[in-house]
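A.B. asks: Just one file: model_11.pdb, with PDB, C-alpha atoms.
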```
ATOM      1  CA  ALA A   1      53.170 -26.379-117.382
ATOM      2  CA  ARG A   2      55.757 -29.028-118.147
ATOM      3  CA  ALA A   3      58.117 -26.436-119.713
ATOM      4  CA  TYR A   4      57.744 -24.330-116.591
ATOM      5  CA  GLY A   5      58.447 -27.387-114.468
ATOM      6  CA  ARG A   6      61.620 -28.095-116.437
ATOM      7  CA  ARG A   7      62.813 -24.513-115.852
ATOM      8  CA  ILE A   8      62.127 -24.884-112.141
ATOM      9  CA  LEU A   9      64.053 -28.163-112.094
ATOM     10  CA  ALA A  10      66.956 -26.551-113.936
ATOM     11  CA  LEU A  11      67.046 -23.893-111.228
ATOM     12  CA  SER A  12      66.975 -26.550-108.538
ATOM     13  CA  GLU A  13      69.931 -28.303-110.174
ATOM     14  CA  ARG A  14      71.948 -25.130-109.733
ATOM     15  CA  LEU A  15      71.371 -25.153-106.021
ATOM     16  CA  ARG A  16      74.208 -26.779-104.161
ATOM     17  CA  GLY A  17      73.390 -30.004-102.359
ATOM     18  CA  ARG A  18      69.927 -30.880-101.165
ATOM     19  CA  SER A  19      68.737 -27.668 -99.618
ATOM     20  CA  PRO A  20      65.251 -27.300 -98.170
ATOM     21  CA  ARG A  21      64.534 -24.869-101.005
ATOM     22  CA  ALA A  22      65.498 -27.431-103.633
ATOM     23  CA  ASP A  23      63.316 -30.033-101.918
ATOM     24  CA  ARG A  24      60.350 -27.617-101.934
ATOM     25  CA  VAL A  25      60.859 -26.832-105.618
ATOM     26  CA  LEU A  26      61.033 -30.521-106.434
ATOM     27  CA  ALA A  27      57.914 -31.314-104.391
ATOM     28  CA  LEU A  28      56.075 -28.477-106.160
ATOM     29  CA  TRP A  29      57.119 -29.811-109.566
ATOM     30  CA  ARG A  30      55.998 -33.317-108.619
ATOM     31  CA  ALA A  31      52.629 -32.084-107.299
ATOM     32  CA  GLY A  32      52.080 -30.086-110.488
ATOM     33  CA  ALA A  33      52.919 -33.117-112.600
ATOM     34  CA  VAL A  34      50.399 -35.212-110.629
ATOM     35  CA  LEU A  35      47.733 -32.554-111.215
ATOM     36  CA  ASP A  36      48.564 -32.583-114.941
ATOM     37  CA  LEU A  37      48.172 -36.366-114.921
ATOM     38  CA  VAL A  38      44.713 -36.040-113.347
ATOM     39  CA  ALA A  39      43.579 -33.187-115.611
ATOM     40  CA  GLY A  40      44.280 -35.044-118.859
ATOM     41  CA  PRO A  41      41.507 -37.644-118.666
ATOM     42  CA  GLU A  42      39.233 -35.405-116.604
ATOM     43  CA  SER A  43      39.046 -32.300-118.823
ATOM     44  CA  ARG A  44      41.865 -32.445-121.351
ATOM     45  CA  GLY A  45      43.416 -29.789-119.129
ATOM     46  CA  ASN A  46      40.666 -27.202-119.758
ATOM     47  CA  TYR A  47      39.932 -24.975-116.758
ATOM     48  CA  ASN A  48      36.559 -24.121-118.343
ATOM     49  CA  ALA A  49      35.380 -27.700-118.920
ATOM     50  CA  TRP A  50      32.163 -29.031-117.524
ATOM     51  CA  TYR A  51      30.244 -32.287-117.605
ATOM     52  CA  GLY A  52      29.688 -33.273-121.215
ATOM     53  CA  ALA A  53      31.696 -30.352-122.622
ATOM     54  CA  ALA A  54      35.419 -30.780-122.078
ATOM     55  CA  ASP A  55      36.193 -28.193-124.780
ATOM     56  CA  GLN A  56      33.726 -25.586-123.486
ATOM     57  CA  ASN A  57      35.174 -22.071-123.543
ATOM     58  CA  GLN A  58      32.123 -19.829-123.985
ATOM     59  CA  THR A  59      31.715 -19.422-120.249
ATOM     60  CA  GLN A  60      34.895 -18.391-118.477
ATOM     61  CA  LEU A  61      34.643 -20.117-115.125
ATOM     62  CA  ALA A  62      37.254 -17.758-113.649
ATOM     63  CA  ASP A  63      34.670 -14.970-113.978
ATOM     64  CA  LEU A  64      32.221 -16.857-111.729
ATOM     65  CA  THR A  65      32.171 -16.915-107.954
ATOM     66  CA  LEU A  66      31.967 -20.268-106.216
ATOM     67  CA  GLU A  67      28.288 -19.595-105.468
ATOM     68  CA  GLU A  68      27.702 -18.953-109.185
ATOM     69  CA  VAL A  69      29.576 -22.160-110.008
ATOM     70  CA  ARG A  70      27.328 -24.068-107.599
ATOM     71  CA  ALA A  71      24.257 -22.605-109.346
ATOM     72  CA  LEU A  72      25.747 -23.631-112.702
ATOM     73  CA  GLN A  73      26.316 -27.136-111.341
ATOM     74  CA  ARG A  74      22.656 -27.394-110.328
ATOM     75  CA  ARG A  75      21.681 -26.348-113.871
ATOM     76  CA  LEU A  76      24.117 -28.851-115.401
ATOM     77  CA  VAL A  77      22.618 -31.670-113.335
ATOM     78  CA  ARG A  78      19.136 -30.776-114.610
ATOM     79  CA  GLU A  79      20.205 -30.334-118.233
ATOM     80  CA  ASN A  80      23.110 -32.779-118.686
ATOM     81  CA  GLY A  81      22.889 -35.208-115.773
ATOM     82  CA  GLY A  82      26.218 -34.319-114.118
ATOM     83  CA  SER A  83      27.819 -31.516-112.120
ATOM     84  CA  ALA A  84      31.545 -32.021-112.787
ATOM     85  CA  ILE A  85      33.211 -28.713-113.554
ATOM     86  CA  GLY A  86      36.626 -27.195-114.178
ATOM     87  CA  ARG A  87      40.021 -28.655-115.010
ATOM     88  CA  TYR A  88      39.660 -31.312-112.324
ATOM     89  CA  GLN A  89      35.936 -31.993-112.868
ATOM     90  CA  ILE A  90      34.952 -31.233-109.295
ATOM     91  CA  ILE A  91      31.405 -32.400-108.588
ATOM     92  CA  ASP A  92      28.888 -30.452-106.535
ATOM     93  CA  ASP A  93      29.220 -32.434-103.292
ATOM     94  CA  THR A  94      33.008 -32.318-103.491
ATOM     95  CA  LEU A  95      32.976 -28.571-104.145
ATOM     96  CA  GLU A  96      30.730 -28.001-101.147
ATOM     97  CA  GLY A  97      33.053 -30.067 -98.934
ATOM     98  CA  LEU A  98      36.153 -28.308-100.231
ATOM     99  CA  MET A  99      34.622 -24.913 -99.551
ATOM    100  CA  ARG A 100      33.946 -25.954 -95.961
ATOM    101  CA  ARG A 101      37.364 -27.564 -95.385
ATOM    102  CA  MET A 102      39.243 -24.694 -97.031
ATOM    103  CA  GLY A 103      37.250 -21.975 -95.225
ATOM    104  CA  LEU A 104      35.930 -20.440 -98.448
ATOM    105  CA  THR A 105      32.934 -18.094 -98.391
ATOM    106  CA  GLY A 106      31.547 -18.668-101.884
ATOM    107  CA  ARG A 107      32.471 -15.162-103.022
ATOM    108  CA  GLU A 108      35.867 -16.305-104.320
ATOM    109  CA  ARG A 109      36.303 -16.576-108.093
ATOM    110  CA  PHE A 110      36.711 -20.066-109.591
ATOM    111  CA  THR A 111      40.078 -19.125-111.101
ATOM    112  CA  PRO A 112      42.680 -21.575-112.387
ATOM    113  CA  ALA A 113      44.716 -20.850-109.243
ATOM    114  CA  LEU A 114      41.769 -21.740-106.977
ATOM    115  CA  GLN A 115      40.999 -24.845-109.040
ATOM    116  CA  ASP A 116      44.640 -25.917-108.632
ATOM    117  CA  ARG A 117      44.493 -25.292-104.871
ATOM    118  CA  MET A 118      41.340 -27.377-104.610
ATOM    119  CA  ALA A 119      42.810 -30.229-106.663
ATOM    120  CA  LEU A 120      45.995 -30.085-104.612
ATOM    121  CA  ARG A 121      43.893 -30.366-101.442
ATOM    122  CA  LEU A 122      42.136 -33.444-102.872
ATOM    123  CA  ALA A 123      45.471 -34.960-103.931
ATOM    124  CA  ARG A 124      46.884 -34.374-100.450
ATOM    125  CA  GLU A 125      43.850 -36.052 -98.934
ATOM    126  CA  ALA A 126      44.492 -38.979-101.320
ATOM    127  CA  GLY A 127      48.034 -39.390 -99.977
ATOM    128  CA  LEU A 128      50.208 -36.998-101.996
ATOM    129  CA  GLY A 129      52.399 -36.207 -98.983
ATOM    130  CA  ALA A 130      53.018 -39.862 -98.163
ATOM    131  CA  TRP A 131      53.713 -40.603-101.829
ATOM    132  CA  LEU A 132      56.153 -37.682-102.074
ATOM    133  CA  ALA A 133      57.919 -38.965 -98.948
ATOM    134  CA  GLY A 134      58.209 -42.444-100.456
ATOM    135  CA  ALA A 135      55.886 -43.980 -97.869
ATOM    136  CA  LEU A 136      53.164 -44.798-100.426
ATOM    137  CA  ALA A 137      53.841 -46.899-103.517
ATOM    138  CA  ASP A 138      52.959 -45.572-106.954
ATOM    139  CA  ALA A 139      50.195 -48.158-107.507
ATOM    140  CA  ARG A 140      48.598 -47.464-104.113
ATOM    141  CA  PHE A 141      48.684 -43.728-104.757
ATOM    142  CA  ALA A 142      47.176 -44.274-108.218
ATOM    143  CA  ALA A 143      44.336 -46.297-106.675
ATOM    144  CA  SER A 144      43.767 -43.598-104.070
ATOM    145  CA  LEU A 145      43.647 -40.873-106.725
ATOM    146  CA  ALA A 146      41.119 -42.985-108.662
ATOM    147  CA  ARG A 147      38.747 -42.837-105.684
ATOM    148  CA  VAL A 148      38.741 -39.060-106.137
ATOM    149  CA  TRP A 149      38.830 -38.736-109.930
ATOM    150  CA  ALA A 150      36.611 -40.922-112.115
ATOM    151  CA  GLY A 151      38.804 -40.401-115.199
ATOM    152  CA  LEU A 152      41.554 -42.500-113.613
ATOM    153  CA  PRO A 153      41.454 -46.295-113.508
ATOM    154  CA  ALA A 154      40.976 -47.928-110.118
ATOM    155  CA  ASP A 155      43.304 -50.863-110.787
ATOM    156  CA  GLY A 156      44.755 -53.128-113.453
ATOM    157  CA  SER A 157      41.274 -53.796-114.876
ATOM    158  CA  GLY A 158      41.423 -50.305-116.374
ATOM    159  CA  ARG A 159      37.931 -49.484-115.099
ATOM    160  CA  SER A 160      37.066 -46.347-113.215
ATOM    161  CA  HIS A 161      36.149 -46.696-109.556
ATOM    162  CA  TYR A 162      32.928 -44.949-110.647
ATOM    163  CA  ALA A 163      32.318 -46.873-113.879
ATOM    164  CA  GLY A 164      28.664 -46.901-114.826
ATOM    165  CA  ILE A 165      27.727 -43.938-112.638
ATOM    166  CA  ALA A 166      26.646 -40.938-114.726
ATOM    167  CA  GLY A 167      28.656 -42.193-117.685
ATOM    168  CA  ASN A 168      31.968 -42.259-115.823
ATOM    169  CA  ARG A 169      34.831 -44.217-117.279
ATOM    170  CA  ALA A 170      38.596 -44.180-117.061
ATOM    171  CA  GLY A 171      40.146 -42.084-119.803
ATOM    172  CA  VAL A 172      43.640 -43.506-119.429
ATOM    173  CA  GLY A 173      45.031 -46.972-118.771
ATOM    174  CA  TRP A 174      46.318 -48.288-115.462
ATOM    175  CA  PRO A 175      49.861 -48.991-116.758
ATOM    176  CA  THR A 176      50.032 -45.419-118.080
ATOM    177  CA  VAL A 177      49.067 -43.899-114.726
ATOM    178  CA  VAL A 178      51.453 -46.042-112.682
ATOM    179  CA  ALA A 179      54.282 -45.446-115.168
ATOM    180  CA  ALA A 180      53.622 -41.704-115.117
ATOM    181  CA  LEU A 181      53.776 -41.634-111.316
ATOM    182  CA  ARG A 182      56.966 -43.676-111.393
ATOM    183  CA  HIS A 183      58.401 -41.249-113.952
ATOM    184  CA  ILE A 184      57.450 -38.240-111.836
ATOM    185  CA  ARG A 185      59.178 -39.833-108.856
ATOM    186  CA  PHE A 186      62.197 -40.922-110.919
ATOM    187  CA  GLU A 187      62.636 -37.505-112.530
ATOM    188  CA  GLY A 188      62.707 -35.947-109.087
ATOM    189  CA  ILE A 189      65.274 -38.434-107.778
ATOM    190  CA  ARG A 190      67.407 -38.243-110.907
ATOM    191  CA  ARG A 191      67.530 -34.470-110.805
ATOM    192  CA  GLN A 192      68.531 -34.288-107.151
TER     193      GLN A 192
END
```
Let me see whether you can do it: turn the structure in this file into structure tokens.

C.D. replies:
Amino acid sequence: ARAYGRRILALSERLRGRSPRADRVLALWRAGAVLDLVAGPESRGNYNAWYGAADQNQTQLADLTLEEVRALQRRLVRENGGSAIGRYQIIDDTLEGLMRRMGLTGRERFTPALQDRMALRLAREAGLGAWLAGALADARFAASLARVWAGLPADGSGRSHYAGIAGNRAGVGWPTVVAALRHIRFEGIRRQ
């Protein structure tokens, strides 16, 4: 994903001036980099991960409909104690809310593209647009993301916002997250 992002940025550098197209490409690269940042501690980037099995690849989640994923989540709660699933470890209640807000029927496949769309929706709800516009500081955006994703630290303490709930803990340090967001912002500014 990062190599692809670099190619996209190289293309944007060839565009003259700051065109709307270049701005869209840059915003897309930044959003993708934020999703990569989230996916690392959540699932190690695995679109097939589920609670307690980040490396799981026997079941291809892209072959399942959202209704089948919800049934799998109910089974995971009974057997493992948690429902988090996919690259972004979306829990059952969050999935249900996303389906409603995104107008999904449940017949859609839980593909990587749909998982990315769902995570992007959650990131937007956490302030991605304001952060991209420079109206939200890196640390505030990091704290907002941590209220969505348990693998991110809530603040400088390094603890997850959901620490102690179903075994949740931050999988990356606060300075790392804030520095990564700063880098994502800086790379975008530097390349413009």

A.B. asks: Once 8 Å is added on each side, what centre and edge lengths in Å to one decimal does the axis-aligned box around all listed atoms of range 156-171 of chain A have, as JSON?

C.D. replies:
```
{"center_x": 35.7, "center_y": -47.4, "center_z": -114.7, "size_x": 34.1, "size_y": 28.9, "size_z": 26.2}
```

A.B. asks: To verify the selection step, state as a PyMOL selection string which residues the PyMOL selection byres ((chain A and resi 140) around 10) yields on this input.

C.D. replies: chain A and resi 126-127+131+136-139+141-146+154-155+178

A.B. asks: So that I have them on file, write out the residues from the current selection with C-alpha atoms, as an mmCIF file, in the frame of the given file.

C.D. replies:
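Output saved as part_8.cif:
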```cif
data_model
loop_
_atom_site.group_PDB
_atom_site.id
_atom_site.type_symbol
_atom_site.label_atom_id
_atom_site.label_comp_id
_atom_site.auth_asym_id
_atom_site.auth_seq_id
_atom_site.Cartn_x
_atom_site.Cartn_y
_atom_site.Cartn_z
ATOM 1 C CA ALA A 126 44.492 -38.979 -101.320
ATOM 2 C CA GLY A 127 48.034 -39.390 -99.977
ATOM 3 C CA TRP A 131 53.713 -40.603 -101.829
ATOM 4 C CA LEU A 136 53.164 -44.798 -100.426
ATOM 5 C CA ALA A 137 53.841 -46.899 -103.517
ATOM 6 C CA ASP A 138 52.959 -45.572 -106.954
ATOM 7 C CA ALA A 139 50.195 -48.158 -107.507
ATOM 8 C CA PHE A 141 48.684 -43.728 -104.757
ATOM 9 C CA ALA A 142 47.176 -44.274 -108.218
ATOM 10 C CA ALA A 143 44.336 -46.297 -106.675
ATOM 11 C CA SER A 144 43.767 -43.598 -104.070
ATOM 12 C CA LEU A 145 43.647 -40.873 -106.725
ATOM 13 C CA ALA A 146 41.119 -42.985 -108.662
ATOM 14 C CA ALA A 154 40.976 -47.928 -110.118
ATOM 15 C CA ASP A 155 43.304 -50.863 -110.787
ATOM 16 C CA VAL A 178 51.453 -46.042 -112.682
#
```

A.B. asks: Looking at A:Leu128, A:Gly173, A:Ala49, A:Asp55, which one is nearest to Leu28 in chain A, with distances taken over all atoms listed in the file?

C.D. replies: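 Nearest to Leu28 in chain A: A:Leu128.
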
A.B. asks: Which neighbours of Gly156 in chain A fall inside 8 Å, counting only C-alpha atoms, when residues of the same chain fewer than 3 positions from it are skipped, and could you give them as a PyMOL selection string?

C.D. replies: chain A and resi 153+159+174-175

A.B. asks: So, with only C-alpha atoms as the atoms that count, which of A:Tyr88, A:Tyr162, A:Phe186, A:Phe110 lies closest to Leu37 in chain A?

C.D. replies: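 Residue with the minimum atom-to-atom distance to Leu37 in chain A: A:Tyr88.
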
A.B. asks: So which one's closest to Asp63 in chain A, A:Thr111, A:Thr105, A:Ser160, A:Asn168? Using only C-alpha atoms, please.

C.D. replies: A:Thr111

A.B. asks: On this structure, which residues satisfy the PyMOL selection byres ((chain A and resi 38) around 9), written as a list in words?

C.D. replies: Ala33, Val34, Leu35, Asp36, Leu37, Ala39, Gly40, Pro41, Glu42, Ser43, Gly45, Arg87, Tyr88, Leu145, Trp149, Gly151 and Leu152 of chain A

A.B. asks: Quick one: everything within 7 Å of Ile85 in chain A, counting only C-alpha atoms, minus sequence neighbours fewer than 6 positions away in the same chain. Send it as a list in words.

C.D. replies: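 Counting only C-alpha atoms, the residues come to Ala49, Trp50, Tyr51 and Ile91 of chain A.
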
A.B. asks: Mind dumping the selected residues with C-alpha atoms as a CSV table (one decimal), in the frame of the given file?

C.D. replies:
```csv
chain,number,residue,atom,x,y,z
A,49,ALA,CA,35.4,-27.7,-118.9
A,50,TRP,CA,32.2,-29.0,-117.5
A,51,TYR,CA,30.2,-32.3,-117.6
A,91,ILE,CA,31.4,-32.4,-108.6
```
